[in-house]
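What follows is my_file.cif (mmCIF, C-alpha atoms).
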data_run
#
loop_
_atom_site.label_atom_id
_atom_site.label_comp_id
_atom_site.auth_asym_id
_atom_site.auth_seq_id
_atom_site.Cartn_x
_atom_site.Cartn_y
_atom_site.Cartn_z
CA MET A 1 -90.06 -87.08 -62.45
CA SER A 2 -90.12 -89.88 -59.93
CA ASP A 3 -87.93 -89.94 -56.82
CA ASP A 4 -85.92 -92.77 -58.38
CA GLU A 5 -85.31 -90.72 -61.54
CA LEU A 6 -84.19 -87.73 -59.46
CA LYS A 7 -81.77 -89.98 -57.56
CA ILE A 8 -80.30 -91.20 -60.88
CA ILE A 9 -79.94 -87.62 -62.13
CA ARG A 10 -78.24 -86.53 -58.89
CA ALA A 11 -75.93 -89.56 -58.88
CA ALA A 12 -74.71 -88.71 -62.40
CA SER A 13 -73.73 -85.17 -61.36
CA THR A 14 -70.84 -83.52 -59.56
CA GLU A 15 -70.87 -80.33 -57.54
CA LYS A 16 -68.15 -77.74 -58.04
CA THR A 17 -67.42 -74.59 -56.04
CA LEU A 18 -65.75 -71.63 -57.72
CA ARG A 19 -64.15 -68.48 -56.35
CA LYS A 20 -64.99 -65.02 -57.62
CA TRP A 21 -63.27 -64.49 -61.01
CA GLN A 22 -62.50 -68.21 -61.37
CA SER A 23 -63.01 -69.48 -64.92
CA LEU A 24 -65.22 -72.38 -65.84
CA LEU A 25 -64.29 -72.17 -69.53
CA HIS A 26 -61.45 -70.52 -71.46
CA ASP A 27 -61.64 -69.83 -75.17
CA GLY A 28 -59.93 -72.63 -77.08
CA GLU A 29 -61.22 -75.35 -74.74
CA VAL A 30 -63.98 -77.74 -75.77
CA TRP A 31 -67.10 -77.49 -73.58
CA LYS A 32 -68.07 -81.06 -72.60
CA ILE A 33 -70.49 -80.53 -69.72
CA ASN A 34 -73.95 -79.30 -68.81
CA CYS A 35 -73.82 -76.81 -65.97
CA PHE A 36 -76.61 -75.74 -63.60
CA ILE A 37 -75.96 -72.78 -61.29
CA SER A 38 -76.91 -73.62 -57.68
CA SER A 39 -75.65 -70.31 -56.34
CA GLY A 40 -73.68 -67.33 -57.53
CA CYS A 41 -73.40 -65.45 -60.79
CA PHE A 42 -71.54 -66.06 -64.07
CA ARG A 43 -70.94 -64.34 -67.34
CA LEU A 44 -70.30 -65.79 -70.77
CA TYR A 45 -68.16 -63.50 -72.89
CA ARG A 46 -65.79 -63.43 -75.83
CA PHE A 47 -63.02 -61.17 -77.03
CA GLY A 48 -63.32 -59.10 -80.20
CA ASN A 49 -60.50 -58.69 -82.71
CA ASP A 50 -59.43 -55.50 -80.91
CA GLY A 51 -59.17 -57.32 -77.55
CA THR A 52 -62.37 -55.83 -76.13
CA ASP A 53 -64.46 -58.32 -74.19
CA HIS A 54 -68.14 -58.60 -75.12
CA THR A 55 -70.58 -60.01 -72.58
CA LEU A 56 -73.06 -62.33 -74.30
CA ARG A 57 -75.07 -63.37 -71.27
CA PHE A 58 -75.18 -63.67 -67.53
CA GLY A 59 -76.23 -66.69 -65.53
CA VAL A 60 -77.61 -66.55 -62.02
CA GLU A 61 -78.89 -68.97 -59.40
CA ASN A 62 -81.23 -71.65 -60.81
CA TRP A 63 -80.17 -70.95 -64.40
CA TRP A 64 -78.00 -72.94 -66.77
CA ILE A 65 -74.72 -71.67 -68.22
CA ASN A 66 -73.26 -73.44 -71.26
CA ASP A 67 -71.42 -72.96 -74.51
CA GLN A 68 -73.92 -74.81 -76.65
CA GLU A 69 -71.98 -74.45 -79.92
CA SER A 70 -68.79 -75.99 -78.54
CA TYR A 71 -70.82 -78.69 -76.76
CA ASN A 72 -72.86 -79.65 -79.83
CA HIS A 73 -69.97 -79.73 -82.30
CA GLY A 74 -67.05 -80.70 -80.07
CA THR A 75 -65.13 -77.67 -81.35
CA PRO A 76 -62.89 -75.27 -79.39
CA SER A 77 -64.94 -72.57 -77.75
CA LEU A 78 -64.75 -68.94 -78.78
CA ASN A 79 -66.18 -68.01 -75.39
CA ASN A 80 -65.14 -67.73 -71.77
CA ILE A 81 -67.26 -68.36 -68.69
CA GLU A 82 -66.24 -66.89 -65.35
CA ALA A 83 -67.75 -66.66 -61.88
CA LEU A 84 -68.59 -63.08 -60.90
CA ALA A 85 -69.15 -64.11 -57.28
CA PRO A 86 -68.37 -67.17 -55.19
CA SER A 87 -70.53 -69.81 -56.88
CA THR A 88 -71.59 -73.43 -56.83
CA VAL A 89 -72.58 -75.40 -59.92
CA ILE A 90 -73.90 -78.87 -60.60
CA ILE A 91 -72.19 -80.50 -63.56
CA TRP A 92 -73.01 -83.46 -65.79
CA THR A 93 -70.50 -84.75 -68.32
CA LYS A 94 -71.74 -84.98 -71.89
CA GLU A 95 -71.71 -88.78 -71.68
CA HIS A 96 -73.75 -88.85 -68.46
CA TRP A 97 -76.16 -86.22 -69.78
CA GLU A 98 -76.78 -88.08 -73.05
CA HIS A 99 -77.40 -91.30 -71.11
CA LEU A 100 -79.88 -89.49 -68.87
CA MET A 101 -81.64 -88.06 -71.96
CA MET A 102 -82.12 -91.57 -73.36
CA THR A 103 -83.26 -93.18 -70.11
CA ILE A 104 -85.43 -90.48 -68.50
CA PRO A 105 -88.05 -89.12 -70.96
CA ALA A 106 -89.28 -86.46 -68.50
CA LEU A 107 -85.75 -85.01 -68.28
CA LYS A 108 -85.46 -84.98 -72.05
CA LEU A 109 -88.77 -83.10 -72.35
CA PHE A 110 -87.64 -80.64 -69.66
CA TYR A 111 -84.34 -80.06 -71.47
CA GLU A 112 -86.08 -79.53 -74.83
CA LYS A 113 -88.31 -76.90 -73.22
CA LEU A 114 -85.23 -75.17 -71.79
CA LEU A 115 -83.55 -75.13 -75.21
CA ALA A 116 -86.70 -73.71 -76.82
CA ARG A 117 -86.96 -71.00 -74.16
CA GLY A 118 -83.27 -70.19 -74.64
CA TYR A 119 -83.78 -69.83 -78.38
CA GLU A 120 -86.75 -67.52 -77.85
CA THR A 121 -84.74 -65.43 -75.41
CA SER A 122 -81.89 -65.15 -77.93
CA GLN A 123 -84.28 -63.98 -80.64
CA HIS A 124 -85.73 -61.36 -78.29
CA ARG A 125 -82.23 -60.18 -77.34
CA ILE A 126 -81.14 -59.86 -80.98
CA TYR A 127 -84.24 -57.83 -81.78
CA SER A 128 -83.67 -55.61 -78.77
CA LEU A 129 -80.02 -55.00 -79.72
CA ILE A 130 -80.94 -53.84 -83.22
CA SER A 131 -84.13 -51.93 -82.45
CA ALA A 132 -84.28 -50.67 -78.86
CA SER A 133 -82.93 -47.43 -77.46
CA ALA A 134 -80.26 -47.53 -74.76
CA GLU A 135 -82.93 -46.67 -72.18
CA GLU A 136 -85.19 -49.51 -73.36
CA LYS A 137 -82.27 -51.97 -73.23
CA TYR A 138 -81.53 -50.83 -69.67
CA ILE A 139 -85.15 -51.37 -68.56
CA GLU A 140 -85.24 -54.81 -70.21
CA PHE A 141 -81.95 -55.75 -68.53
CA GLN A 142 -83.35 -54.83 -65.12
CA LYS A 143 -86.42 -57.01 -65.77
CA THR A 144 -84.39 -59.96 -67.04
CA TYR A 145 -81.58 -59.80 -64.49
CA PRO A 146 -82.97 -58.08 -61.37
CA LYS A 147 -80.34 -59.65 -59.09
CA VAL A 148 -77.35 -59.07 -61.39
CA PHE A 149 -77.16 -55.32 -61.68
CA ASN A 150 -75.59 -54.65 -58.29
CA LYS A 151 -73.34 -57.73 -58.42
CA VAL A 152 -71.34 -57.01 -61.57
CA PRO A 153 -69.06 -54.19 -62.70
CA LEU A 154 -70.79 -51.55 -64.83
CA HIS A 155 -68.49 -52.13 -67.81
CA MET A 156 -69.86 -55.70 -68.06
CA VAL A 157 -73.46 -54.49 -68.01
CA ALA A 158 -72.63 -51.86 -70.62
CA SER A 159 -70.92 -54.52 -72.75
CA TYR A 160 -73.99 -56.74 -72.51
CA LEU A 161 -76.26 -53.86 -73.52
CA GLY A 162 -73.99 -52.80 -76.40
CA ILE A 163 -73.54 -49.27 -75.02
CA SER A 164 -70.64 -47.34 -73.50
CA ARG A 165 -70.12 -47.22 -69.76
CA GLU A 166 -70.67 -43.45 -69.87
CA THR A 167 -74.06 -43.90 -71.54
CA LEU A 168 -75.01 -46.49 -68.94
CA SER A 169 -74.02 -44.13 -66.11
CA ARG A 170 -76.11 -41.33 -67.65
CA ILE A 171 -79.14 -43.60 -67.99
CA ARG A 172 -78.79 -44.91 -64.43
CA LYS A 173 -78.73 -41.32 -63.13
CA GLN A 174 -81.94 -40.57 -65.06
CA PHE A 175 -83.72 -43.53 -63.49
CA THR A 176 -82.47 -42.90 -59.94
CA LYS A 177 -83.28 -39.17 -59.80
CA PRO A 178 -85.90 -38.35 -57.17
CA LYS A 179 -89.10 -37.18 -58.82
#
Turn the structure described in the file into structure tokens.
Amino acid sequence: MSDDELKIIRAASTEKTLRKWQSLLHDGEVWKINCFISSGCFRLYRFGNDGTDHTLRFGVENWWINDQESYNHGTPSLNNIEALAPSTVIIWTKEHWEHLMMTIPALKLFYEKLLARGYETSQHRIYSLISASAEEKYIEFQKTYPKVFNKVPLHMVASYLGISRETLSRIRKQFTKPK
């Protein structure tokens, strides 16, 4: 992208700072923004019928965090997004983002590649959840989120992996034992 295009993209954005545990999205709200994480850590989660929260994904520095379903359809979100550490995000409203997509072809191509990569990652995660052992999920998590593990409570990691906190603790002990 040219310097002029980058200036246009920056001018259409706003920066927002969030405290640890501050929410960016509550279930029931409509997600109307695109959100790039400049610093910090987030989680996207939803509550099950029994009230248990289920972590769907984490977002760290230089990643995007969004509720794509609510954004695409303009429907109330089923998800929540919260900061797990003091964080800064760059936000574009849906209107600004759509205008940028129409006027800057390089940004549109970049965004399409991001969406494709996100889809591929989701497919890999689904396969892992239905086929991998708890130990394999743990190893994959460490590869995918190397900076997250020590920043978030264990129950959130266990929720993301689809295992109990006790199982996660047992696995962590196995991998940290001196050999």
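Remark: for Glu95 of chain A, the closest of the candidate residues A:Trp64, A:Glu5, A:Tyr71, A:Glu140 is A:Tyr71 (distances computed over only C-alpha atoms).
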Quiz item: Which residue out of A:Lys94, A:Arg46, A:Arg10, A:Arg125 has the minimum interatomic distance to Asp27 of chain A when all atoms listed in the file are used?
Solution: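 Among A:Lys94, A:Arg46, A:Arg10, A:Arg125, it is A:Arg46 that comes nearest to Asp27 of chain A.
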Quiz item: Which residues, written as a list in words, have at least one atom at most 10 Å from Asn72 of chain A, with only C-alpha atoms counted and residues fewer than 3 positions away on the same chain left out?
Solution: Val30, Trp31, Lys32, Asp67, Gln68, Glu69, Thr75 and Lys94 of chain A
Quiz item: So which one's closest to Ile65 of chain A, A:Ser2, A:Ser131, A:Asn34, A:Thr144? Using all atoms listed in the file, please.
Solution: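 Result for the nearest residue to Ile65 of chain A: A:Asn34.
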Quiz prompt | Output of the PyMOL selection byres ((chain A and resi 26) around 9), listed as a list in words | solution =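 Residues picked by the PyMOL selection byres ((chain A and resi 26) around 9): Ser23, Leu24, Leu25, Asp27, Gly28, Glu29, Val30, Ser77, Leu78, Asn79, Asn80, Ile81 and Glu82 of chain A.
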Exercise. Run through the PyMOL selection byres ((chain A and resi 161) around 9) on the given coordinates and return the selected residues as a PyMOL selection string.
Key: chain A and resi 55+129+134+137-138+141+156-160+162-164+168
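Of note, atom CA of Ile37 of chain A and atom CA of Thr17 of chain A are spaced 10.2 Å apart.
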Quiz prompt | Top pick for closest residue to Gly118 of chain A, considering A:Thr14, A:Asn66, A:Thr103, A:Gln174 and counting only C-alpha atoms | solution =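 Among the listed residues, the smallest separation from Gly118 of chain A belongs to A:Asn66.
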Could you rebuild segment 80-93 of chain A with N, CA, C and O atoms and give me the result as a PDB file, in the coordinates of the input?
ATOM      1  N   ASN A  80     -65.665 -67.537 -73.116  1.00  0.00           N
ATOM      2  CA  ASN A  80     -65.140 -67.730 -71.770  1.00  0.00           C
ATOM      3  C   ASN A  80     -66.328 -67.681 -70.817  1.00  0.00           C
ATOM      4  O   ASN A  80     -67.289 -66.946 -71.065  1.00  0.00           O
ATOM      5  N   ILE A  81     -66.244 -68.433 -69.739  1.00  0.00           N
ATOM      6  CA  ILE A  81     -67.260 -68.360 -68.690  1.00  0.00           C
ATOM      7  C   ILE A  81     -66.519 -68.180 -67.372  1.00  0.00           C
ATOM      8  O   ILE A  81     -65.611 -68.958 -67.053  1.00  0.00           O
ATOM      9  N   GLU A  82     -66.901 -67.135 -66.626  1.00  0.00           N
ATOM     10  CA  GLU A  82     -66.240 -66.890 -65.350  1.00  0.00           C
ATOM     11  C   GLU A  82     -67.273 -66.592 -64.272  1.00  0.00           C
ATOM     12  O   GLU A  82     -68.352 -66.061 -64.555  1.00  0.00           O
ATOM     13  N   ALA A  83     -66.913 -66.949 -63.039  1.00  0.00           N
ATOM     14  CA  ALA A  83     -67.750 -66.660 -61.880  1.00  0.00           C
ATOM     15  C   ALA A  83     -67.559 -65.191 -61.504  1.00  0.00           C
ATOM     16  O   ALA A  83     -66.427 -64.717 -61.397  1.00  0.00           O
ATOM     17  N   LEU A  84     -68.655 -64.490 -61.309  1.00  0.00           N
ATOM     18  CA  LEU A  84     -68.590 -63.080 -60.900  1.00  0.00           C
ATOM     19  C   LEU A  84     -68.766 -62.932 -59.395  1.00  0.00           C
ATOM     20  O   LEU A  84     -68.713 -61.830 -58.863  1.00  0.00           O
ATOM     21  N   ALA A  85     -68.999 -64.060 -58.738  1.00  0.00           N
ATOM     22  CA  ALA A  85     -69.150 -64.110 -57.280  1.00  0.00           C
ATOM     23  C   ALA A  85     -68.803 -65.536 -56.873  1.00  0.00           C
ATOM     24  O   ALA A  85     -68.778 -66.433 -57.722  1.00  0.00           O
ATOM     25  N   PRO A  86     -68.535 -65.776 -55.606  1.00  0.00           N
ATOM     26  CA  PRO A  86     -68.370 -67.170 -55.190  1.00  0.00           C
ATOM     27  C   PRO A  86     -69.616 -67.955 -55.619  1.00  0.00           C
ATOM     28  O   PRO A  86     -70.740 -67.484 -55.423  1.00  0.00           O
ATOM     29  N   SER A  87     -69.419 -69.104 -56.237  1.00  0.00           N
ATOM     30  CA  SER A  87     -70.530 -69.810 -56.880  1.00  0.00           C
ATOM     31  C   SER A  87     -70.398 -71.318 -56.718  1.00  0.00           C
ATOM     32  O   SER A  87     -69.306 -71.847 -56.542  1.00  0.00           O
ATOM     33  N   THR A  88     -71.544 -71.972 -56.831  1.00  0.00           N
ATOM     34  CA  THR A  88     -71.590 -73.430 -56.830  1.00  0.00           C
ATOM     35  C   THR A  88     -72.407 -73.874 -58.033  1.00  0.00           C
ATOM     36  O   THR A  88     -73.472 -73.313 -58.304  1.00  0.00           O
ATOM     37  N   VAL A  89     -71.885 -74.867 -58.749  1.00  0.00           N
ATOM     38  CA  VAL A  89     -72.580 -75.400 -59.920  1.00  0.00           C
ATOM     39  C   VAL A  89     -72.725 -76.914 -59.793  1.00  0.00           C
ATOM     40  O   VAL A  89     -71.956 -77.567 -59.087  1.00  0.00           O
ATOM     41  N   ILE A  90     -73.721 -77.430 -60.484  1.00  0.00           N
ATOM     42  CA  ILE A  90     -73.900 -78.870 -60.600  1.00  0.00           C
ATOM     43  C   ILE A  90     -73.592 -79.210 -62.051  1.00  0.00           C
ATOM     44  O   ILE A  90     -74.117 -78.574 -62.968  1.00  0.00           O
ATOM     45  N   ILE A  91     -72.717 -80.188 -62.235  1.00  0.00           N
ATOM     46  CA  ILE A  91     -72.190 -80.500 -63.560  1.00  0.00           C
ATOM     47  C   ILE A  91     -72.496 -81.951 -63.930  1.00  0.00           C
ATOM     48  O   ILE A  91     -72.384 -82.853 -63.103  1.00  0.00           O
ATOM     49  N   TRP A  92     -72.863 -82.135 -65.197  1.00  0.00           N
ATOM     50  CA  TRP A  92     -73.010 -83.460 -65.790  1.00  0.00           C
ATOM     51  C   TRP A  92     -72.080 -83.523 -66.996  1.00  0.00           C
ATOM     52  O   TRP A  92     -72.089 -82.617 -67.822  1.00  0.00           O
ATOM     53  N   THR A  93     -71.305 -84.586 -67.127  1.00  0.00           N
ATOM     54  CA  THR A  93     -70.500 -84.750 -68.320  1.00  0.00           C
ATOM     55  C   THR A  93     -71.431 -84.994 -69.503  1.00  0.00           C
ATOM     56  O   THR A  93     -72.589 -85.410 -69.329  1.00  0.00           O
TER      57      THR A  93
END
